[in-house]
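Here is entry_33.tsv, consisting of TSV, C-alpha atoms and all ligand atoms:
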chain	number	residue	atom	x	y	z
A	367	MET	CA	-7.54	73.28	1.44
A	368	THR	CA	-10.05	74.91	3.73
A	369	ARG	CA	-13.55	74.53	2.53
A	370	ALA	CA	-15.65	77.62	1.84
A	371	LYS	CA	-19.17	77.56	3.16
A	372	ILE	CA	-21.98	77.18	0.65
A	373	HIS	CA	-23.63	80.56	0.29
A	374	LEU	CA	-26.13	82.29	-1.98
A	375	LEU	CA	-24.50	84.59	-4.49
A	376	PRO	CA	-25.25	88.32	-4.25
A	377	THR	CA	-27.81	89.62	-6.77
A	378	GLU	CA	-25.27	91.56	-8.83
A	379	LEU	CA	-23.12	88.47	-9.30
A	380	ARG	CA	-26.14	86.32	-10.19
A	381	ASN	CA	-27.10	88.82	-12.87
A	382	GLN	CA	-23.58	88.92	-14.25
A	383	ILE	CA	-23.54	85.13	-14.50
A	384	ALA	CA	-26.90	85.18	-16.28
A	385	ALA	CA	-25.54	87.90	-18.57
A	386	GLY	CA	-22.86	85.47	-19.65
A	387	GLU	CA	-25.58	83.41	-21.30
A	388	VAL	CA	-27.99	86.05	-22.56
A	389	VAL	CA	-25.65	88.89	-23.50
A	390	GLU	CA	-22.82	87.65	-25.61
A	391	ARG	CA	-22.20	90.77	-27.67
A	392	PRO	CA	-23.88	94.01	-28.84
A	393	ALA	CA	-26.08	92.08	-31.29
A	394	SER	CA	-27.57	90.07	-28.42
A	395	VAL	CA	-28.44	93.30	-26.60
A	396	VAL	CA	-30.16	94.63	-29.72
A	397	LYS	CA	-32.06	91.37	-30.08
A	398	GLU	CA	-33.37	91.42	-26.52
A	399	LEU	CA	-34.34	95.09	-26.62
A	400	VAL	CA	-36.05	94.94	-30.02
A	401	GLU	CA	-37.92	91.77	-29.01
A	402	ASN	CA	-39.13	93.56	-25.88
A	403	ALA	CA	-40.33	96.44	-28.08
A	404	LEU	CA	-42.21	93.99	-30.32
A	405	ASP	CA	-43.74	92.27	-27.28
A	406	ALA	CA	-44.91	95.75	-26.21
A	407	ASN	CA	-46.82	96.08	-29.55
A	408	ALA	CA	-44.59	98.85	-30.86
A	409	THR	CA	-45.13	99.99	-34.45
A	410	GLU	CA	-41.96	102.10	-34.59
A	411	ILE	CA	-38.59	100.89	-33.40
A	412	SER	CA	-35.39	102.85	-33.80
A	413	VAL	CA	-31.97	101.53	-32.93
A	414	VAL	CA	-28.87	103.69	-32.61
A	415	ILE	CA	-25.40	102.21	-32.29
A	416	GLU	CA	-22.02	103.79	-31.67
A	417	ASP	CA	-18.66	102.04	-32.04
A	418	GLY	CA	-20.30	98.77	-33.01
A	419	GLY	CA	-22.39	98.96	-29.83
A	420	GLN	CA	-19.47	99.17	-27.41
A	421	SER	CA	-20.04	102.78	-26.41
A	422	LEU	CA	-23.79	103.01	-27.09
A	423	ILE	CA	-26.78	100.86	-27.98
A	424	SER	CA	-30.07	102.71	-27.81
A	425	VAL	CA	-33.49	101.32	-28.66
A	426	GLN	CA	-36.61	103.47	-28.65
A	427	ASP	CA	-40.15	102.22	-29.27
A	428	ASN	CA	-43.71	103.54	-29.21
A	429	GLY	CA	-45.11	100.47	-27.43
A	430	ILE	CA	-47.29	100.18	-24.33
A	431	GLY	CA	-44.51	101.30	-21.97
A	432	ILE	CA	-43.85	100.38	-18.34
A	433	PRO	CA	-45.56	102.15	-15.42
A	434	LYS	CA	-43.11	104.20	-13.35
A	435	ASP	CA	-43.59	102.03	-10.26
A	436	GLU	CA	-42.66	98.84	-12.16
A	437	LEU	CA	-39.31	100.04	-13.49
A	438	GLU	CA	-37.32	98.44	-10.64
A	439	LEU	CA	-39.09	95.14	-11.30
A	440	ALA	CA	-38.28	95.39	-15.01
A	441	VAL	CA	-34.58	95.28	-14.12
A	442	THR	CA	-35.03	92.51	-11.53
A	443	ARG	CA	-34.25	88.95	-12.46
A	444	HIS	CA	-37.14	86.52	-13.07
A	445	ALA	CA	-39.62	89.40	-13.11
A	446	THR	CA	-41.80	89.40	-16.22
A	447	SER	CA	-45.24	90.50	-17.36
A	448	LYS	CA	-45.37	87.72	-19.98
A	449	LEU	CA	-45.75	84.52	-17.98
A	450	GLN	CA	-48.15	83.73	-15.15
A	451	THR	CA	-48.21	79.97	-14.60
A	452	SER	CA	-46.10	77.00	-15.62
A	453	ALA	CA	-48.90	76.03	-18.02
A	454	ASP	CA	-48.11	79.22	-19.96
A	455	LEU	CA	-44.61	77.90	-20.54
A	456	SER	CA	-45.90	75.37	-23.06
A	457	ASN	CA	-47.96	78.00	-24.86
A	458	ILE	CA	-45.66	80.93	-25.42
A	459	SER	CA	-46.65	83.59	-27.92
A	460	SER	CA	-44.29	86.41	-26.85
A	461	TYR	CA	-40.60	86.68	-27.66
A	462	GLY	CA	-39.65	87.05	-24.00
A	463	PHE	CA	-40.76	85.16	-20.93
A	464	ARG	CA	-37.67	84.58	-18.80
A	465	GLY	CA	-37.42	88.02	-17.23
A	466	GLU	CA	-33.67	87.91	-17.59
A	467	ALA	CA	-32.68	90.27	-20.36
A	468	LEU	CA	-32.92	93.68	-18.72
A	469	PRO	CA	-31.25	92.71	-15.39
A	470	SER	CA	-28.52	90.88	-17.29
A	471	ILE	CA	-27.80	93.79	-19.63
A	472	ALA	CA	-27.98	96.28	-16.75
A	473	SER	CA	-25.41	94.27	-14.77
A	474	VAL	CA	-22.77	94.64	-17.48
A	475	SER	CA	-23.34	98.22	-18.66
A	476	ARG	CA	-24.30	101.74	-17.73
A	477	PHE	CA	-28.00	101.29	-18.36
A	478	ARG	CA	-30.81	103.83	-18.55
A	479	ILE	CA	-34.49	103.16	-19.09
A	480	VAL	CA	-37.14	105.84	-19.64
A	481	SER	CA	-40.71	104.70	-20.17
A	482	LYS	CA	-44.23	106.07	-20.32
A	483	THR	CA	-47.58	104.33	-20.53
A	484	GLN	CA	-50.71	105.86	-22.05
A	485	GLU	CA	-52.35	106.26	-18.62
A	486	ASP	CA	-49.46	108.10	-16.97
A	487	SER	CA	-48.85	111.78	-17.62
A	488	LEU	CA	-45.16	111.59	-16.73
A	489	ALA	CA	-42.53	109.09	-17.75
A	490	GLY	CA	-40.32	107.31	-15.22
A	491	GLU	CA	-36.56	107.01	-15.52
A	492	LEU	CA	-34.17	104.59	-13.88
A	493	CYS	CA	-30.40	104.28	-14.24
A	494	VAL	CA	-28.50	101.13	-13.38
A	495	ASN	CA	-24.74	101.40	-13.14
A	496	PHE	CA	-23.19	97.98	-13.71
A	497	GLY	CA	-25.92	96.35	-11.62
A	498	ASP	CA	-26.24	99.15	-9.10
A	499	ILE	CA	-29.84	100.42	-9.28
A	500	GLY	CA	-30.26	104.19	-8.90
A	501	GLU	CA	-33.22	106.41	-7.97
A	502	ASN	CA	-36.49	106.22	-9.87
A	503	ALA	CA	-37.07	109.76	-11.16
A	504	PRO	CA	-39.80	111.47	-13.21
A	505	ALA	CA	-38.86	112.22	-16.81
A	506	SER	CA	-40.47	113.28	-20.05
A	507	LEU	CA	-41.04	111.00	-23.03
A	508	ARG	CA	-43.86	110.32	-25.47
A	509	GLN	CA	-45.59	106.96	-24.95
A	510	GLY	CA	-43.18	104.05	-25.22
A	511	THR	CA	-39.78	103.06	-23.96
A	512	LEU	CA	-36.24	104.26	-24.48
A	513	ILE	CA	-33.34	102.14	-23.33
A	514	GLU	CA	-29.71	103.22	-23.52
A	515	VAL	CA	-26.86	100.82	-22.90
A	516	ARG	CA	-23.42	102.40	-22.59
A	517	ASP	CA	-19.97	100.97	-21.98
A	518	LEU	CA	-21.05	97.37	-22.44
A	519	PHE	CA	-18.80	94.88	-20.57
A	520	PHE	CA	-16.54	97.58	-19.09
A	521	ASN	CA	-16.77	95.76	-15.77
A	522	ILE	CA	-15.94	92.40	-17.36
A	523	PRO	CA	-12.58	92.75	-19.15
A	524	ALA	CA	-12.64	89.10	-20.30
A	525	ARG	CA	-15.86	89.77	-22.21
A	526	LEU	CA	-14.65	93.07	-23.56
A	527	LYS	CA	-11.54	91.46	-25.00
A	528	PHE	CA	-13.68	88.90	-26.74
A	529	LEU	CA	-15.52	91.54	-28.81
A	530	LYS	CA	-14.46	92.01	-32.40
A	531	ASN	CA	-13.75	95.36	-34.02
A	532	PRO	CA	-16.68	97.82	-34.31
A	533	ALA	CA	-17.26	97.07	-38.02
A	534	THR	CA	-17.66	93.35	-37.34
A	535	GLU	CA	-19.95	93.93	-34.36
A	536	LEU	CA	-22.03	96.35	-36.46
A	537	LYS	CA	-22.37	93.70	-39.15
A	538	ARG	CA	-23.69	91.23	-36.57
A	539	VAL	CA	-26.10	93.83	-35.24
A	540	THR	CA	-27.28	94.56	-38.78
A	541	ASP	CA	-27.84	90.87	-39.61
A	542	LEU	CA	-29.86	90.43	-36.47
A	543	PHE	CA	-31.80	93.63	-37.00
A	544	VAL	CA	-32.72	92.50	-40.51
A	545	ARG	CA	-33.91	89.12	-39.24
A	546	LEU	CA	-36.14	90.81	-36.69
A	547	ALA	CA	-37.53	93.27	-39.24
A	548	LEU	CA	-38.33	90.51	-41.75
A	549	GLY	CA	-40.33	88.72	-39.07
A	550	ALA	CA	-42.42	91.69	-37.94
A	551	ASP	CA	-44.90	93.03	-40.49
A	552	GLY	CA	-46.56	96.37	-39.81
A	553	VAL	CA	-43.63	97.73	-37.80
A	554	SER	CA	-41.16	100.36	-38.99
A	555	PHE	CA	-37.52	99.82	-38.11
A	556	SER	CA	-34.47	101.99	-38.42
A	557	LEU	CA	-30.86	101.25	-37.59
A	558	VAL	CA	-28.43	104.15	-37.31
A	559	SER	CA	-24.71	103.79	-36.66
A	560	GLY	CA	-23.02	107.03	-35.68
A	561	SER	CA	-24.84	109.43	-38.01
A	562	ARG	CA	-25.34	106.92	-40.85
A	563	THR	CA	-28.64	105.13	-41.48
A	564	VAL	CA	-27.54	101.53	-42.02
A	565	GLN	CA	-30.93	99.99	-42.69
A	566	GLU	CA	-34.51	101.19	-42.74
A	567	PHE	CA	-37.83	99.38	-43.19
A	568	PHE	CA	-41.09	101.26	-43.47
A	569	ARG	CA	-44.23	100.25	-41.70
A	570	PHE	CA	-46.31	99.13	-44.70
A	571	GLU	CA	-43.60	97.36	-46.66
A	572	ASP	CA	-44.37	93.68	-47.11
A	573	LYS	CA	-41.85	90.89	-46.74
A	574	LYS	CA	-40.83	90.93	-50.38
A	575	GLU	CA	-40.23	94.69	-50.35
A	576	ARG	CA	-38.12	94.25	-47.24
A	577	LEU	CA	-36.18	91.39	-48.82
A	578	ALA	CA	-35.51	93.59	-51.85
A	579	LYS	CA	-33.43	95.83	-49.57
A	580	ILE	CA	-31.06	93.05	-48.65
A	581	TRP	CA	-30.97	90.55	-51.52
A	582	SER	CA	-29.80	91.16	-55.06
A	583	GLY	CA	-32.20	92.23	-57.81
A	584	SER	CA	-31.84	89.01	-59.78
A	585	VAL	CA	-32.73	86.88	-56.76
A	586	ILE	CA	-35.75	89.07	-55.96
A	587	GLU	CA	-37.08	89.01	-59.54
A	588	ASN	CA	-37.03	85.23	-59.57
A	589	LEU	CA	-38.27	84.46	-56.07
A	590	ILE	CA	-40.61	81.51	-55.78
A	591	PRO	CA	-43.45	81.85	-53.27
A	592	VAL	CA	-44.04	78.99	-50.85
A	593	ASP	CA	-47.24	78.22	-48.99
A	594	TYR	CA	-47.72	74.65	-47.89
A	595	SER	CA	-49.68	73.05	-45.10
A	596	ALA	CA	-49.53	69.49	-43.76
A	597	TYR	CA	-49.48	67.66	-40.44
A	598	GLY	CA	-51.24	70.59	-38.79
A	599	MET	CA	-48.36	72.94	-39.65
A	600	ARG	CA	-47.93	75.63	-42.28
A	601	VAL	CA	-44.81	76.89	-43.96
A	602	PHE	CA	-44.81	80.02	-46.12
A	603	GLY	CA	-42.43	82.60	-47.50
A	604	TYR	CA	-40.06	82.80	-50.44
A	605	ILE	CA	-37.26	80.68	-51.84
A	606	SER	CA	-34.72	81.50	-54.52
A	607	ASN	CA	-34.94	80.13	-58.01
A	608	PRO	CA	-32.05	77.71	-58.70
A	609	LYS	CA	-31.07	79.90	-61.66
A	610	SER	CA	-30.34	82.90	-59.45
A	611	LEU	CA	-28.44	81.26	-56.62
A	612	GLN	CA	-25.51	82.92	-54.99
A	613	SER	CA	-22.51	81.40	-53.32
A	614	ARG	CA	-23.33	82.84	-49.93
A	615	PRO	CA	-24.07	80.41	-47.13
A	616	ASP	CA	-25.82	82.78	-44.72
A	617	ARG	CA	-28.99	83.51	-46.60
A	618	VAL	CA	-31.42	81.01	-45.18
A	619	LEU	CA	-33.69	82.90	-42.82
A	620	LEU	CA	-35.96	80.64	-40.80
A	621	TYR	CA	-38.71	81.51	-38.34
A	622	VAL	CA	-40.76	79.36	-36.03
A	623	ASN	CA	-43.99	81.02	-34.88
A	624	GLY	CA	-42.43	84.38	-35.70
A	625	ARG	CA	-39.18	83.72	-33.87
A	626	SER	CA	-35.97	83.72	-35.90
A	627	VAL	CA	-34.15	80.43	-35.33
A	628	ASN	CA	-31.10	78.56	-36.51
A	629	ASP	CA	-32.48	75.11	-36.97
A	630	LYS	CA	-30.28	72.42	-38.48
A	631	LEU	CA	-33.17	70.09	-39.19
A	632	MET	CA	-35.12	72.68	-41.19
A	633	LEU	CA	-31.95	73.59	-43.05
A	634	LYS	CA	-31.24	69.97	-43.86
A	635	ALA	CA	-34.75	69.50	-45.26
A	636	ILE	CA	-34.32	72.59	-47.47
A	637	ARG	CA	-30.91	71.44	-48.72
A	638	GLN	CA	-32.35	68.03	-49.51
A	639	ALA	CA	-35.16	69.58	-51.54
A	640	TYR	CA	-32.65	71.64	-53.55
A	641	ALA	CA	-30.22	68.75	-54.01
A	642	GLY	CA	-29.67	67.91	-57.65
A	643	LYS	CA	-31.14	71.23	-58.74
A	644	ILE	CA	-28.11	73.30	-57.82
A	645	ILE	CA	-24.42	72.77	-58.11
A	646	SER	CA	-22.83	71.91	-54.83
A	647	ARG	CA	-21.05	75.20	-54.21
A	648	ASP	CA	-24.26	77.19	-54.53
A	649	TYR	CA	-26.59	77.88	-51.65
A	650	PRO	CA	-30.32	78.38	-51.71
A	651	GLN	CA	-31.69	81.63	-50.34
A	652	CYS	CA	-34.87	81.33	-48.34
A	653	LEU	CA	-37.14	83.31	-46.10
A	654	LEU	CA	-39.46	80.74	-44.55
A	655	PHE	CA	-41.95	80.96	-41.74
A	656	LEU	CA	-43.14	77.86	-39.97
A	657	GLU	CA	-46.38	78.09	-38.04
A	658	LEU	CA	-47.46	75.37	-35.69
A	659	ASP	CA	-49.25	74.83	-32.42
A	660	PRO	CA	-46.94	76.32	-29.75
A	661	LYS	CA	-47.39	73.08	-27.80
A	662	GLU	CA	-45.56	71.23	-30.59
A	663	VAL	CA	-42.36	73.21	-30.14
A	664	ASP	CA	-40.22	73.95	-27.11
A	665	VAL	CA	-38.59	77.38	-27.27
A	666	ASN	CA	-37.24	77.13	-23.74
A	667	VAL	CA	-34.15	75.17	-24.77
A	668	HIS	CA	-31.59	77.91	-25.09
A	669	PRO	CA	-31.21	81.20	-23.17
A	670	ALA	CA	-31.02	83.23	-26.37
A	671	LYS	CA	-33.94	81.14	-27.73
A	672	SER	CA	-32.28	80.86	-31.14
A	673	GLU	CA	-32.66	77.09	-30.99
A	674	VAL	CA	-35.92	75.24	-30.58
A	675	ARG	CA	-36.95	71.62	-30.16
A	676	PHE	CA	-39.76	70.05	-32.14
A	677	ARG	CA	-41.99	67.37	-30.72
A	678	ASP	CA	-42.39	65.59	-34.06
A	679	GLU	CA	-39.13	66.01	-35.94
A	680	ARG	CA	-40.09	63.59	-38.70
A	681	ALA	CA	-43.25	65.47	-39.59
A	682	LEU	CA	-41.34	68.73	-39.47
A	683	PHE	CA	-38.64	67.43	-41.82
A	684	ALA	CA	-41.19	65.99	-44.25
A	685	LEU	CA	-43.21	69.20	-44.25
A	686	MET	CA	-40.21	71.43	-44.93
A	687	ALA	CA	-38.85	69.19	-47.68
A	688	LYS	CA	-42.24	68.89	-49.38
A	689	ALA	CA	-42.95	72.58	-49.12
A	690	VAL	CA	-39.71	73.46	-50.89
A	691	GLU	CA	-39.89	70.58	-53.39
A	692	SER	CA	-43.41	71.44	-54.49
A	693	ALA	CA	-42.55	75.13	-54.85
A	694	LEU	CA	-39.46	74.25	-56.92
A	695	ALA	CA	-41.51	71.88	-59.06
A	696	LYS	CA	-43.65	74.85	-60.13
A	697	CYS	CA	-40.54	76.75	-61.14
A	698	PRO	CA	-40.14	76.82	-64.96
A	699	TYR	CA	-36.34	76.89	-65.00
A	700	TYR	CA	-36.10	73.68	-63.09
A	701	PHE	CA	-38.42	71.95	-65.55
A	702	SER	CA	-36.46	73.15	-68.53
A	703	VAL	CA	-33.21	71.81	-67.10
A	704	LYS	CA	-34.89	68.51	-66.31
A	705	ASN	CA	-36.36	68.27	-69.79
A	706	LEU	CA	-32.94	68.70	-71.35
A	707	GLN	CA	-31.48	65.79	-69.45
B	801	LIG	P1	-38.97	89.29	-20.52
B	801	LIG	O1	-39.01	89.96	-21.84
B	801	LIG	O2	-38.48	87.89	-20.59
B	801	LIG	O3	-40.25	89.43	-19.75
B	801	LIG	P2	-37.04	91.36	-19.84
B	801	LIG	O4	-35.98	91.41	-18.80
B	801	LIG	O5	-36.63	91.46	-21.26
B	801	LIG	O6	-37.85	90.01	-19.61
B	801	LIG	O7	-38.10	92.50	-19.54
B	801	LIG	C1	-38.74	92.53	-18.25
B	801	LIG	C2	-40.12	93.17	-18.34
B	801	LIG	O8	-39.99	94.55	-18.62
B	801	LIG	C3	-40.99	92.62	-19.46
B	801	LIG	O9	-41.72	91.47	-19.04
B	801	LIG	C4	-41.91	93.79	-19.77
B	801	LIG	O10	-43.02	93.82	-18.91
B	801	LIG	C5	-41.05	94.99	-19.46
B	801	LIG	N1	-40.43	95.58	-20.67
B	801	LIG	C6	-39.17	95.43	-21.11
B	801	LIG	N2	-38.93	96.14	-22.23
B	801	LIG	C7	-40.10	96.76	-22.52
B	801	LIG	C8	-40.53	97.65	-23.58
B	801	LIG	N3	-39.71	98.03	-24.56
B	801	LIG	N4	-41.81	98.10	-23.52
B	801	LIG	C9	-42.66	97.72	-22.55
B	801	LIG	N5	-42.32	96.89	-21.54
B	801	LIG	C10	-41.06	96.42	-21.52
B	802	MG	MG	-37.31	90.36	-22.98

If you took the structure in this file and wrote it as structure tokens, what would it be?
Amino acid sequence: MTRAKIHLLPTELRNQIAAGEVVERPASVVKELVENALDANATEISVVIEDGGQSLISVQDNGIGIPKDELELAVTRHATSKLQTSADLSNISSYGFRGEALPSIASVSRFRIVSKTQEDSLAGELCVNFGDIGENAPASLRQGTLIEVRDLFFNIPARLKFLKNPATELKRVTDLFVRLALGADGVSFSLVSGSRTVQEFFRFEDKKERLAKIWSGSVIENLIPVDYSAYGMRVFGYISNPKSLQSRPDRVLLYVNGRSVNDKLMLKAIRQAYAGKIISRDYPQCLLFLELDPKEVDVNVHPAKSEVRFRDERALFALMAKAVESALAKCPYYFSVKNLQ
């Protein structure tokens, strides 16, 4: 076999490879775009989806916007406004920091960004056609950013084949959208699919009012509040009363410093705290927020940042278990069951 020379990959190919990690499906696009809107201090975010996101994903916000002359950078890999030095990497307070989402998405779709800052009188608009960056043109928009992503993965048939039917993709988008909305107080969110409003959260609704839109009435009526601090960390939110449990495994919503995560350790601690108080086929429902010093948690473990690594796993486990146990101990139903035994 003749050996090919080692060579640097062209930019478009690099972005497509990165997209393989960051952009798995329409829901991941929605996640990245909504997180960008939240990082831009938006108070209104509207998401529109068509065909489960395959033909269109559009996200519009009223955040700080991007100056016209920075639009090319916004779609360039490793370009970000959120990180300056490597010291910042251990102290991250924004959702984004990698500068990978927009170039990745734009390399696997027909992408259009329109954005306007408060200072500028005109908006700027840039189209990127499967990685091919077009002309920067003036446009009109109120302050904020509009991003449209069309024909996702049309240039990558292997990815396209891997997508499920539109209804399933919409469900994943909706789940993700709900997670983001539950983590961002003071922001209104709407999700429209075709012409149907799938989910809507108003700006001044609190977490419980938002939960009431997705969980059943009996669970909401019996929610137990949690607020517990130890080891320099705080965990707060709501957990379900063992008497109103449902047999649905996907209702544990966990956040670390505002970021929605799937963390097995936190889940294990919660399950342990519920053990003996529920029958084995029931699942607890929880919405729990963990707050800790950003230096105590590494969010730079996974490209989609849905997994994190804790410095002190033991303390974290103990904190979560105690937080849930002590909240359950205050719950009258649990005491009455115990007293009967
Ligand atoms: P990251 O979020 O990791 O910085 P992205 O590729 O998601 O990387 O975005 C690149 C940059 O574009 C961001 O750092 C930010 O400055 C800008 N940006 C992206 N989306 C928005 C938005 N909705 N509003 C304002 N600025 C945005
Ligand atoms: Mg981002």

Per residue of chain A within 8 Å of ligand LIG 801 (chain B), record the nearest atom pair and its distance in Å to one decimal, counting only C-alpha atoms and all ligand atoms, with rows in chain order and ascending residue number, as JSON lines.
{"residue": "A:Glu398", "atom": "CA", "partner": "B:LIG801", "partner_atom": "O5", "distance": 6.2}
{"residue": "A:Leu399", "atom": "CA", "partner": "B:LIG801", "partner_atom": "N2", "distance": 6.4}
{"residue": "A:Val400", "atom": "CA", "partner": "B:LIG801", "partner_atom": "N3", "distance": 7.3}
{"residue": "A:Glu401", "atom": "CA", "partner": "B:LIG801", "partner_atom": "O1", "distance": 7.5}
{"residue": "A:Asn402", "atom": "CA", "partner": "B:LIG801", "partner_atom": "N2", "distance": 4.5}
{"residue": "A:Ala403", "atom": "CA", "partner": "B:LIG801", "partner_atom": "N3", "distance": 3.9}
{"residue": "A:Leu404", "atom": "CA", "partner": "B:LIG801", "partner_atom": "N3", "distance": 7.5}
{"residue": "A:Asp405", "atom": "CA", "partner": "B:LIG801", "partner_atom": "N4", "distance": 7.2}
{"residue": "A:Ala406", "atom": "CA", "partner": "B:LIG801", "partner_atom": "C9", "distance": 4.7}
{"residue": "A:Ala408", "atom": "CA", "partner": "B:LIG801", "partner_atom": "N4", "distance": 7.9}
{"residue": "A:Gln426", "atom": "CA", "partner": "B:LIG801", "partner_atom": "N3", "distance": 7.5}
{"residue": "A:Asp427", "atom": "CA", "partner": "B:LIG801", "partner_atom": "N3", "distance": 6.3}
{"residue": "A:Gly429", "atom": "CA", "partner": "B:LIG801", "partner_atom": "N4", "distance": 5.6}
{"residue": "A:Ile430", "atom": "CA", "partner": "B:LIG801", "partner_atom": "C9", "distance": 5.5}
{"residue": "A:Gly431", "atom": "CA", "partner": "B:LIG801", "partner_atom": "C9", "distance": 4.1}
{"residue": "A:Ile432", "atom": "CA", "partner": "B:LIG801", "partner_atom": "N5", "distance": 5.0}
{"residue": "A:Leu437", "atom": "CA", "partner": "B:LIG801", "partner_atom": "O8", "distance": 7.5}
{"residue": "A:Leu439", "atom": "CA", "partner": "B:LIG801", "partner_atom": "C2", "distance": 7.4}
{"residue": "A:Ala440", "atom": "CA", "partner": "B:LIG801", "partner_atom": "O8", "distance": 4.1}
{"residue": "A:Val441", "atom": "CA", "partner": "B:LIG801", "partner_atom": "O4", "distance": 6.2}
{"residue": "A:Thr442", "atom": "CA", "partner": "B:LIG801", "partner_atom": "O4", "distance": 7.4}
{"residue": "A:Arg443", "atom": "CA", "partner": "B:LIG801", "partner_atom": "O4", "distance": 7.0}
{"residue": "A:His444", "atom": "CA", "partner": "B:LIG801", "partner_atom": "O6", "distance": 7.4}
{"residue": "A:Ala445", "atom": "CA", "partner": "B:LIG801", "partner_atom": "C1", "distance": 6.1}
{"residue": "A:Thr446", "atom": "CA", "partner": "B:LIG801", "partner_atom": "O9", "distance": 3.5}
{"residue": "A:Ser447", "atom": "CA", "partner": "B:LIG801", "partner_atom": "O9", "distance": 4.0}
{"residue": "A:Lys448", "atom": "CA", "partner": "B:LIG801", "partner_atom": "O9", "distance": 5.3}
{"residue": "A:Leu449", "atom": "CA", "partner": "B:LIG801", "partner_atom": "O3", "distance": 7.6}
{"residue": "A:Tyr461", "atom": "CA", "partner": "B:LIG801", "partner_atom": "O1", "distance": 6.9}
{"residue": "A:Gly462", "atom": "CA", "partner": "B:LIG801", "partner_atom": "O1", "distance": 3.7}
{"residue": "A:Phe463", "atom": "CA", "partner": "B:LIG801", "partner_atom": "O2", "distance": 3.6}
{"residue": "A:Arg464", "atom": "CA", "partner": "B:LIG801", "partner_atom": "O2", "distance": 3.8}
{"residue": "A:Gly465", "atom": "CA", "partner": "B:LIG801", "partner_atom": "O6", "distance": 3.1}
{"residue": "A:Glu466", "atom": "CA", "partner": "B:LIG801", "partner_atom": "O4", "distance": 4.4}
{"residue": "A:Ala467", "atom": "CA", "partner": "B:LIG801", "partner_atom": "O4", "distance": 3.8}
{"residue": "A:Leu468", "atom": "CA", "partner": "B:LIG801", "partner_atom": "O4", "distance": 3.8}
{"residue": "A:Pro469", "atom": "CA", "partner": "B:LIG801", "partner_atom": "O4", "distance": 6.0}
{"residue": "A:Ser470", "atom": "CA", "partner": "B:LIG801", "partner_atom": "O4", "distance": 7.6}
{"residue": "A:Ser481", "atom": "CA", "partner": "B:LIG801", "partner_atom": "N4", "distance": 7.5}
{"residue": "A:Gly510", "atom": "CA", "partner": "B:LIG801", "partner_atom": "N4", "distance": 6.3}
{"residue": "A:Thr511", "atom": "CA", "partner": "B:LIG801", "partner_atom": "N3", "distance": 5.1}
{"residue": "A:Leu512", "atom": "CA", "partner": "B:LIG801", "partner_atom": "N3", "distance": 7.1}
{"residue": "A:Ile513", "atom": "CA", "partner": "B:LIG801", "partner_atom": "N3", "distance": 7.7}

Leaving out stretch 491-505 of chain A and any residue of its chain fewer than 4 positions from it, which residues lie within 6 Å of it when counting only C-alpha atoms, given as a VMD selection string? chain A and resid 378 472 to 480

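With atom CA of A:Ala489 on one side and atom CA of A:Ser506 on the other, the separation reads 5.2 Å.
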
One residue among A:Val396, A:Leu542, A:Leu375, A:Leu658 is nearest to ligand MG 802 (chain B) when using only C-alpha atoms and all ligand atoms, and that residue is A:Val396

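Note that atom CA of A:Leu619 and atom CA of A:Asp659 are 20.4 Å apart.
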
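Distance annotation: of A:Lys634, A:Arg545, A:Ala550, A:Asn428, the residue with the minimal separation from A:Arg508 is A:Asn428; atom set is all atoms listed in the file.
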
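Minimum distance to ligand MG 802 (chain B) across A:Ile471, A:Ile372, A:Arg675, A:Ile415 (counting all atoms listed in the file) occurs at A:Ile471.
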
Mind listing whatever residues come within 9 Å of the point (-21.8, 102.5, -27.7)? Use all atoms listed in the file, file coordinates, and give them as a PyMOL selection string. chain A and resi 392+414-424+514-518
